[in-house]
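J.: Provided herewith: work05.txt, compact mmCIF, C-alpha atoms.
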# COMPACT_ATOMS: atom_id res chain seq x y z
CA MET A 1 111.56 100.08 88.12
CA PRO A 2 113.01 103.17 89.83
CA ASN A 3 111.54 106.68 89.91
CA LYS A 4 108.07 105.62 88.91
CA THR A 5 104.99 106.67 90.82
CA LEU A 6 101.47 105.42 90.36
CA THR A 7 98.47 107.28 91.76
CA LEU A 8 95.13 105.60 92.37
CA ALA A 9 91.83 107.22 93.30
CA LEU A 10 89.48 104.78 95.02
CA MET A 11 85.80 105.30 95.76
CA ASP A 12 84.24 101.95 96.62
CA PRO A 13 83.57 101.09 100.28
CA PRO A 14 84.97 97.81 101.63
CA TYR A 15 83.11 94.51 101.18
CA GLU A 16 80.93 95.86 98.34
CA SER A 17 82.79 95.51 95.07
CA ALA A 18 85.53 93.50 93.42
CA ASN A 19 87.03 96.89 92.57
CA SER A 20 88.51 97.06 96.07
CA THR A 21 90.24 93.70 95.67
CA THR A 22 91.63 94.71 92.30
CA ALA A 23 92.86 98.02 93.67
CA LEU A 24 94.69 96.28 96.51
CA ARG A 25 96.20 93.81 94.02
CA ILE A 26 97.45 96.68 91.84
CA ILE A 27 98.98 98.47 94.85
CA SER A 28 100.68 95.26 96.01
CA ALA A 29 102.07 94.47 92.57
CA ALA A 30 103.36 98.02 92.09
CA LEU A 31 105.12 98.06 95.46
CA ARG A 32 106.72 94.68 94.72
CA LYS A 33 108.14 96.22 91.57
CA GLY A 34 109.61 99.12 93.56
CA ILE A 35 107.07 101.61 92.26
CA ASN A 36 105.92 104.36 94.63
CA VAL A 37 102.16 104.42 95.07
CA ASN A 38 99.80 107.22 96.09
CA VAL A 39 96.24 106.39 97.07
CA PHE A 40 93.54 109.00 97.37
CA ALA A 41 90.56 107.37 99.08
CA TYR A 42 87.33 109.20 98.37
CA GLU A 43 83.73 108.65 99.46
CA GLY A 44 83.19 105.10 100.81
CA ALA A 45 86.79 104.09 100.21
CA VAL A 46 87.82 106.01 103.33
CA ASN A 47 86.47 103.02 105.26
CA LEU A 48 89.03 100.64 103.75
CA PRO A 49 91.59 101.40 106.53
CA PHE A 50 88.95 101.92 109.28
CA LYS A 51 90.54 100.65 112.48
CA ASP A 52 87.33 99.42 114.12
CA GLN A 53 86.74 96.71 111.51
CA ALA A 54 86.56 93.35 113.28
CA PRO A 55 86.67 89.80 111.99
CA HIS A 56 83.64 87.72 112.87
CA PRO A 57 82.59 84.10 113.32
CA ASN A 58 80.17 82.44 110.92
CA PRO A 59 77.12 81.28 112.87
CA VAL A 60 75.66 79.56 109.79
CA LYS A 61 78.68 77.29 109.47
CA GLY A 62 79.31 77.24 113.22
CA THR A 63 82.88 78.47 112.82
CA THR A 64 84.74 80.63 115.32
CA VAL A 65 86.54 83.87 114.60
CA GLU A 66 89.83 81.96 114.45
CA GLU A 67 88.47 79.22 112.20
CA GLU A 68 86.80 81.72 109.87
CA ASP A 69 90.01 83.82 109.64
CA HIS A 70 87.95 86.60 108.10
CA PRO A 71 90.10 89.06 106.14
CA THR A 72 89.60 92.74 106.80
CA THR A 73 90.55 95.51 104.42
CA ARG A 74 92.19 97.41 107.29
CA ASN A 75 94.65 94.53 107.67
CA PHE A 76 95.31 94.45 103.92
CA VAL A 77 95.98 98.20 103.92
CA ALA A 78 98.17 97.90 107.03
CA SER A 79 100.27 95.23 105.30
CA LEU A 80 100.65 97.39 102.21
CA LEU A 81 101.66 100.39 104.33
CA GLU A 82 104.27 98.21 106.04
CA ILE A 83 105.69 97.15 102.65
CA GLY A 84 105.54 100.74 101.42
CA LYS A 85 107.00 102.51 104.44
CA GLY A 86 110.19 103.62 102.76
CA ASP A 87 111.45 102.72 99.33
CA PRO A 88 109.08 102.17 97.62
CA LEU A 89 106.74 104.52 99.41
CA LEU A 90 102.99 104.08 99.78
CA THR A 91 101.16 107.28 100.64
CA TRP A 92 97.52 106.80 101.63
CA VAL A 93 95.35 109.92 101.93
CA ASN A 94 91.74 109.75 103.07
CA CYS A 95 89.40 112.54 101.97
CA GLY A 96 88.74 114.46 105.19
CA LEU A 97 85.17 115.51 104.41
CA CYS A 98 84.29 111.94 103.40
CA VAL A 99 85.77 110.72 106.69
CA ASP A 100 83.74 113.20 108.72
CA GLU A 101 80.50 112.35 106.91
CA ARG A 102 81.01 108.67 107.70
CA GLY A 103 82.47 108.96 111.18
CA ALA A 104 85.45 107.06 109.85
CA GLY A 105 88.18 109.05 111.55
CA ASN A 106 89.68 106.14 113.46
CA SER A 107 92.01 104.91 110.75
CA ILE A 108 94.98 102.61 111.10
CA GLU A 109 98.41 104.14 111.60
CA GLY A 110 99.97 105.67 108.52
CA VAL A 111 96.78 106.96 106.90
CA LYS A 112 96.78 110.71 106.27
CA ARG A 113 93.91 113.15 106.03
CA GLY A 114 93.62 115.39 102.99
CA GLY A 115 91.42 116.66 100.21
CA PRO A 116 90.98 116.72 96.45
CA GLY A 117 93.86 119.18 96.17
CA ASP A 118 96.17 116.42 97.37
CA PHE A 119 94.87 114.15 94.63
CA LEU A 120 95.60 116.82 92.01
CA LYS A 121 99.15 117.23 93.32
CA MET A 122 99.66 113.45 93.38
CA ALA A 123 98.41 113.10 89.81
CA GLN A 124 100.61 115.93 88.56
CA GLU A 125 103.70 114.35 90.11
CA SER A 126 102.98 110.76 89.03
CA THR A 127 103.98 108.66 86.07
CA SER A 128 100.38 107.57 85.71
CA THR A 129 97.02 107.99 87.40
CA LEU A 130 94.10 105.58 87.53
CA VAL A 131 90.67 106.53 88.82
CA ILE A 132 88.56 103.54 89.91
CA PRO A 133 85.04 104.92 90.24
CA THR A 134 81.94 103.32 91.66
CA ARG A 135 79.43 102.32 89.02
CA MET B 1 102.50 108.83 70.74
CA THR B 2 99.99 108.34 73.51
CA ASN B 3 99.28 104.83 74.72
CA TYR B 4 95.76 104.08 75.85
CA LEU B 5 94.87 101.47 78.42
CA PHE B 6 91.25 100.55 78.98
CA ILE B 7 90.58 98.40 82.03
CA GLU B 8 87.23 96.74 81.47
CA CYS B 9 85.66 95.24 84.59
CA ARG B 10 82.05 95.03 83.45
CA ASP B 11 80.12 92.00 82.34
CA PRO B 12 78.92 92.75 78.79
CA PHE B 13 75.79 90.72 79.38
CA GLU B 14 74.87 92.93 82.32
CA SER B 15 76.15 96.32 81.17
CA THR B 16 75.29 97.34 77.63
CA ASP B 17 77.63 100.31 77.89
CA VAL B 18 80.69 98.12 77.33
CA GLY B 19 80.17 99.15 73.71
CA PHE B 20 81.70 102.47 74.75
CA VAL B 21 85.06 100.81 75.33
CA ALA B 22 84.91 98.84 72.08
CA GLU B 23 84.02 101.86 69.98
CA THR B 24 86.52 104.19 71.66
CA ALA B 25 89.37 101.67 71.62
CA ALA B 26 88.82 100.87 67.94
CA ALA B 27 88.61 104.57 67.03
CA LEU B 28 91.85 105.32 68.85
CA LYS B 29 93.57 102.41 67.14
CA GLN B 30 92.47 103.76 63.76
CA ARG B 31 94.29 106.99 64.69
CA ASP B 32 97.54 105.03 65.11
CA SER B 33 97.54 105.03 68.89
CA GLU B 34 98.70 101.99 70.80
CA VAL B 35 95.63 100.63 72.53
CA THR B 36 95.33 97.87 75.12
CA VAL B 37 92.10 96.57 76.63
CA PHE B 38 92.74 94.70 79.87
CA LEU B 39 89.79 92.53 80.91
CA ILE B 40 89.38 92.06 84.64
CA GLN B 41 86.70 90.94 87.12
CA ASN B 42 83.45 90.23 85.25
CA GLY B 43 84.96 91.80 82.14
CA VAL B 44 86.63 88.45 81.38
CA LEU B 45 83.24 86.83 80.74
CA ALA B 46 83.27 88.39 77.26
CA ALA B 47 86.57 86.66 76.50
CA ARG B 48 85.04 83.18 76.25
CA ARG B 49 85.04 81.67 72.79
CA ASN B 50 81.39 80.66 73.24
CA ALA B 51 80.20 84.06 74.48
CA LEU B 52 77.52 84.98 71.97
CA GLY B 53 77.46 88.58 70.81
CA SER B 54 80.79 89.49 72.41
CA HIS B 55 82.13 92.85 71.29
CA LEU B 56 85.72 91.61 71.52
CA PRO B 57 86.18 90.03 68.06
CA GLN B 58 85.79 93.47 66.47
CA LEU B 59 88.60 94.73 68.68
CA VAL B 60 90.83 91.82 67.67
CA ARG B 61 90.14 92.65 64.02
CA ALA B 62 90.93 96.33 64.71
CA GLY B 63 94.38 95.39 66.05
CA VAL B 64 93.70 96.32 69.65
CA ARG B 65 95.79 94.34 72.15
CA LEU B 66 93.48 92.28 74.36
CA LEU B 67 94.62 90.86 77.69
CA ALA B 68 92.63 88.92 80.30
CA ASP B 69 93.52 88.82 83.99
CA ASP B 70 94.45 85.29 85.07
CA PHE B 71 93.08 85.71 88.61
CA SER B 72 89.68 86.81 87.26
CA LEU B 73 89.65 83.91 84.79
CA GLN B 74 90.52 81.43 87.52
CA GLU B 75 87.84 82.78 89.86
CA ARG B 76 85.24 82.21 87.15
CA GLY B 77 86.48 78.81 86.04
CA ILE B 78 87.52 79.96 82.59
CA GLN B 79 90.43 78.03 81.09
CA SER B 80 92.88 79.69 78.70
CA ALA B 81 91.83 77.20 76.00
CA GLU B 82 88.32 78.68 76.16
CA LEU B 83 89.50 82.18 75.20
CA LEU B 84 88.65 83.81 71.91
CA PRO B 85 91.53 83.81 69.43
CA GLY B 86 93.52 87.01 69.83
CA ILE B 87 93.04 87.31 73.60
CA GLN B 88 96.08 86.64 75.74
CA GLN B 89 95.98 85.49 79.34
CA SER B 90 97.83 88.05 81.44
CA ASN B 91 98.24 89.10 85.07
CA ILE B 92 98.28 92.02 87.48
CA ASP B 93 102.06 92.51 87.13
CA ALA B 94 101.65 93.06 83.39
CA LEU B 95 98.84 95.52 84.08
CA VAL B 96 101.10 97.55 86.38
CA ASP B 97 103.88 97.53 83.76
CA ILE B 98 101.48 98.97 81.19
CA LEU B 99 100.08 101.49 83.68
CA VAL B 100 103.47 103.06 84.42
CA ARG B 101 104.69 103.31 80.84
CA GLU B 102 105.41 106.88 79.82
CA ASP B 103 102.64 108.67 77.94
CA THR B 104 99.96 106.22 78.98
CA LYS B 105 96.40 107.24 79.66
CA ALA B 106 94.47 104.70 81.71
CA ILE B 107 90.69 104.53 81.76
CA TRP B 108 88.79 102.28 84.13
CA HIS B 109 85.38 101.14 82.97
Just give me the structure as structure tokens.
T.:
Amino acid sequence: MPNKTLTLALMDPPYESANSTTALRIISAALRKGINVNVFAYEGAVNLPFKDQAPHPNPVKGTTVEEEDHPTTRNFVASLLEIGKGDPLLTWVNCGLCVDERGAGNSIEGVKRGGPGDFLKMAQESTSTLVIPTR
Amino acid sequence: MTNYLFIECRDPFESTDVGFVAETAAALKQRDSEVTVFLIQNGVLAARRNALGSHLPQLVRAGVRLLADDFSLQERGIQSAELLPGIQQSNIDALVDILVREDTKAIWH
């Protein structure tokens, strides 16, 4: 599916809503189809690629970090950026003001800093745009 | 002609505003638009045949295309045989295909 670009605006923080899982599924499916994807992460969604996220053990079950194999959204985003590093291309832009408010500047490699103007440009240049708001 | 895609993630038994999607989708269909409602996450709970008071049968009657995400159905233990007539089991690949069709407006709810 050449020459198609999908833009997503995300707002939910990680580990709060099934919206984040669905968004990552959509991005993955689009990239597998060869569709370029733009992501504009706004508000709490700027924490999705936050580098300091750490997997943890589960003291209730008595499992270790390795046994728990806890998935982090930063690892999901890193995998998607690896898949989308060329053709197709995944462009991930974190809202700079939202990052500063949350002290979330330490993002994984490949995440860019921007603003709502970037989202407008992405939407104008895309085949389709989907905004996934918080409730 | 504009195609409309509504992505409904809300549980109708928790969020009474799912009526917004039903009314808007049916109204757009009456104006000869192509309309798809894609049920995902808790939105698939309305797709069960035994879901009392579901707003989906009116959409089936209106000719709106109704799709339900297989992953969301599986997570909630809903089998395809339990779906209301007129609702098709679908998947995230089909959703992406609809999203990137030309002249498609997508609304997440």
J.: Could you state the separation of CA of Thr5 in chain A and CA of Leu130 in chain A in Å, given to one decimal place?
T.: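 Interatomic distance, CA of Thr5 in chain A to CA of Leu130 in chain A: 11.4 Å.
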J.: Residues at most 8 Å from range 52-68 of chain A, counting all atoms listed in the file, excluding those fewer than 3 positions away in the same chain, as number ranges by chain?
T.: A: 71-72, 74, 106-107
J.: Find the residues in chain B near chain A: any atom within 6 Å counts, using only C-alpha atoms. Write them as a PyMOL selection string.
T.: chain B and resi 93+100+106+108
J.: Rounded to one decimal, what separation in Å do you get between CA of Ala62 in chain B and CA of Ala26 in chain B?
T.: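 That distance, rounded to one decimal, is 6.0 Å.
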J.: At what distance in Å, to one decimal, does CA of Asp103 in chain B lie from CA of Ser15 in chain B?
T.: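 It comes out at 29.4 Å.
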J.: Of the residues A:Pro49, A:Gly44, A:Pro14, A:Gly103, which is the one nearest to Leu81 in chain A, using only C-alpha atoms?
T.: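 Checking each of A:Pro49, A:Gly44, A:Pro14, A:Gly103 against Leu81 in chain A, counting only C-alpha atoms, the winner is A:Pro49.
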J.: Given the choices A:Gly110, A:Gly105, A:Pro13, A:Gly96, which gets closest to Leu80 in chain A if the distance is worked out from only C-alpha atoms?
T.: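 Closest residue, counting only C-alpha atoms: A:Gly110.
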J.: Counting all atoms listed in the file, which residues sit no farther than 12 Å from the position (84.8, 100.3, 68.9) in the file's frame? I'd like them as a PDB file with C-alpha atoms, in the frame of the given file.
T.:
ATOM      1  CA  PHE B   6      91.250 100.550  78.980  1.00  0.00           C
ATOM      2  CA  ASP B  17      77.630 100.310  77.890  1.00  0.00           C
ATOM      3  CA  VAL B  18      80.690  98.120  77.330  1.00  0.00           C
ATOM      4  CA  GLY B  19      80.170  99.150  73.710  1.00  0.00           C
ATOM      5  CA  PHE B  20      81.700 102.470  74.750  1.00  0.00           C
ATOM      6  CA  VAL B  21      85.060 100.810  75.330  1.00  0.00           C
ATOM      7  CA  ALA B  22      84.910  98.840  72.080  1.00  0.00           C
ATOM      8  CA  GLU B  23      84.020 101.860  69.980  1.00  0.00           C
ATOM      9  CA  THR B  24      86.520 104.190  71.660  1.00  0.00           C
ATOM     10  CA  ALA B  25      89.370 101.670  71.620  1.00  0.00           C
ATOM     11  CA  ALA B  26      88.820 100.870  67.940  1.00  0.00           C
ATOM     12  CA  ALA B  27      88.610 104.570  67.030  1.00  0.00           C
ATOM     13  CA  LEU B  28      91.850 105.320  68.850  1.00  0.00           C
ATOM     14  CA  LYS B  29      93.570 102.410  67.140  1.00  0.00           C
ATOM     15  CA  GLN B  30      92.470 103.760  63.760  1.00  0.00           C
ATOM     16  CA  VAL B  35      95.630 100.630  72.530  1.00  0.00           C
ATOM     17  CA  VAL B  37      92.100  96.570  76.630  1.00  0.00           C
ATOM     18  CA  HIS B  55      82.130  92.850  71.290  1.00  0.00           C
ATOM     19  CA  LEU B  56      85.720  91.610  71.520  1.00  0.00           C
ATOM     20  CA  PRO B  57      86.180  90.030  68.060  1.00  0.00           C
ATOM     21  CA  GLN B  58      85.790  93.470  66.470  1.00  0.00           C
ATOM     22  CA  LEU B  59      88.600  94.730  68.680  1.00  0.00           C
ATOM     23  CA  VAL B  60      90.830  91.820  67.670  1.00  0.00           C
ATOM     24  CA  ARG B  61      90.140  92.650  64.020  1.00  0.00           C
ATOM     25  CA  ALA B  62      90.930  96.330  64.710  1.00  0.00           C
ATOM     26  CA  GLY B  63      94.380  95.390  66.050  1.00  0.00           C
ATOM     27  CA  VAL B  64      93.700  96.320  69.650  1.00  0.00           C
TER      28      VAL B  64
END
J.: When you count only C-alpha atoms, which of these residues is closest to Tyr4 in chain B: B:Leu99, B:Ala81, B:Leu45, B:Ile40?
T.: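 Result for the nearest residue to Tyr4 in chain B: B:Leu99.
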J.: So that I can check the surroundings of Ile98 in chain B, please list as a PDB file with C-alpha atoms, in the coordinates of the input every protein, DNA and RNA residue that reaches within 10 Å of it, counting only C-alpha atoms and ignoring chain neighbours fewer than 6 positions away.
T.:
ATOM      1  CA  SER A 128     100.380 107.570  85.710  1.00  0.00           C
TER       2      SER A 128
ATOM      3  CA  ASN B   3      99.280 104.830  74.720  1.00  0.00           C
ATOM      4  CA  TYR B   4      95.760 104.080  75.850  1.00  0.00           C
ATOM      5  CA  LEU B   5      94.870 101.470  78.420  1.00  0.00           C
ATOM      6  CA  THR B  36      95.330  97.870  75.120  1.00  0.00           C
ATOM      7  CA  PHE B  38      92.740  94.700  79.870  1.00  0.00           C
ATOM      8  CA  ILE B  92      98.280  92.020  87.480  1.00  0.00           C
ATOM      9  CA  THR B 104      99.960 106.220  78.980  1.00  0.00           C
ATOM     10  CA  LYS B 105      96.400 107.240  79.660  1.00  0.00           C
ATOM     11  CA  ALA B 106      94.470 104.700  81.710  1.00  0.00           C
TER      12      ALA B 106
END
J.: Using only C-alpha atoms, can you tell me which of B:Arg76, B:Arg65, B:Arg10, B:His109 comes closest to Gly43 in chain B?
T.: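 With only C-alpha atoms as the atom set, the closest residue is B:Arg10.
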J.: List as a list in words the protein and nucleic acid residues near Leu10 in chain A, meaning an atom at most 8 Å away when only C-alpha atoms are counted, but skip any in the same chain fewer than 2 places from it.
T.: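 What passes the distance filter is Leu8, Asp12, Ser20, Ala23, Val39, Phe40, Ala41, Tyr42, Ala45, Val131, Ile132 and Pro133 of chain A.
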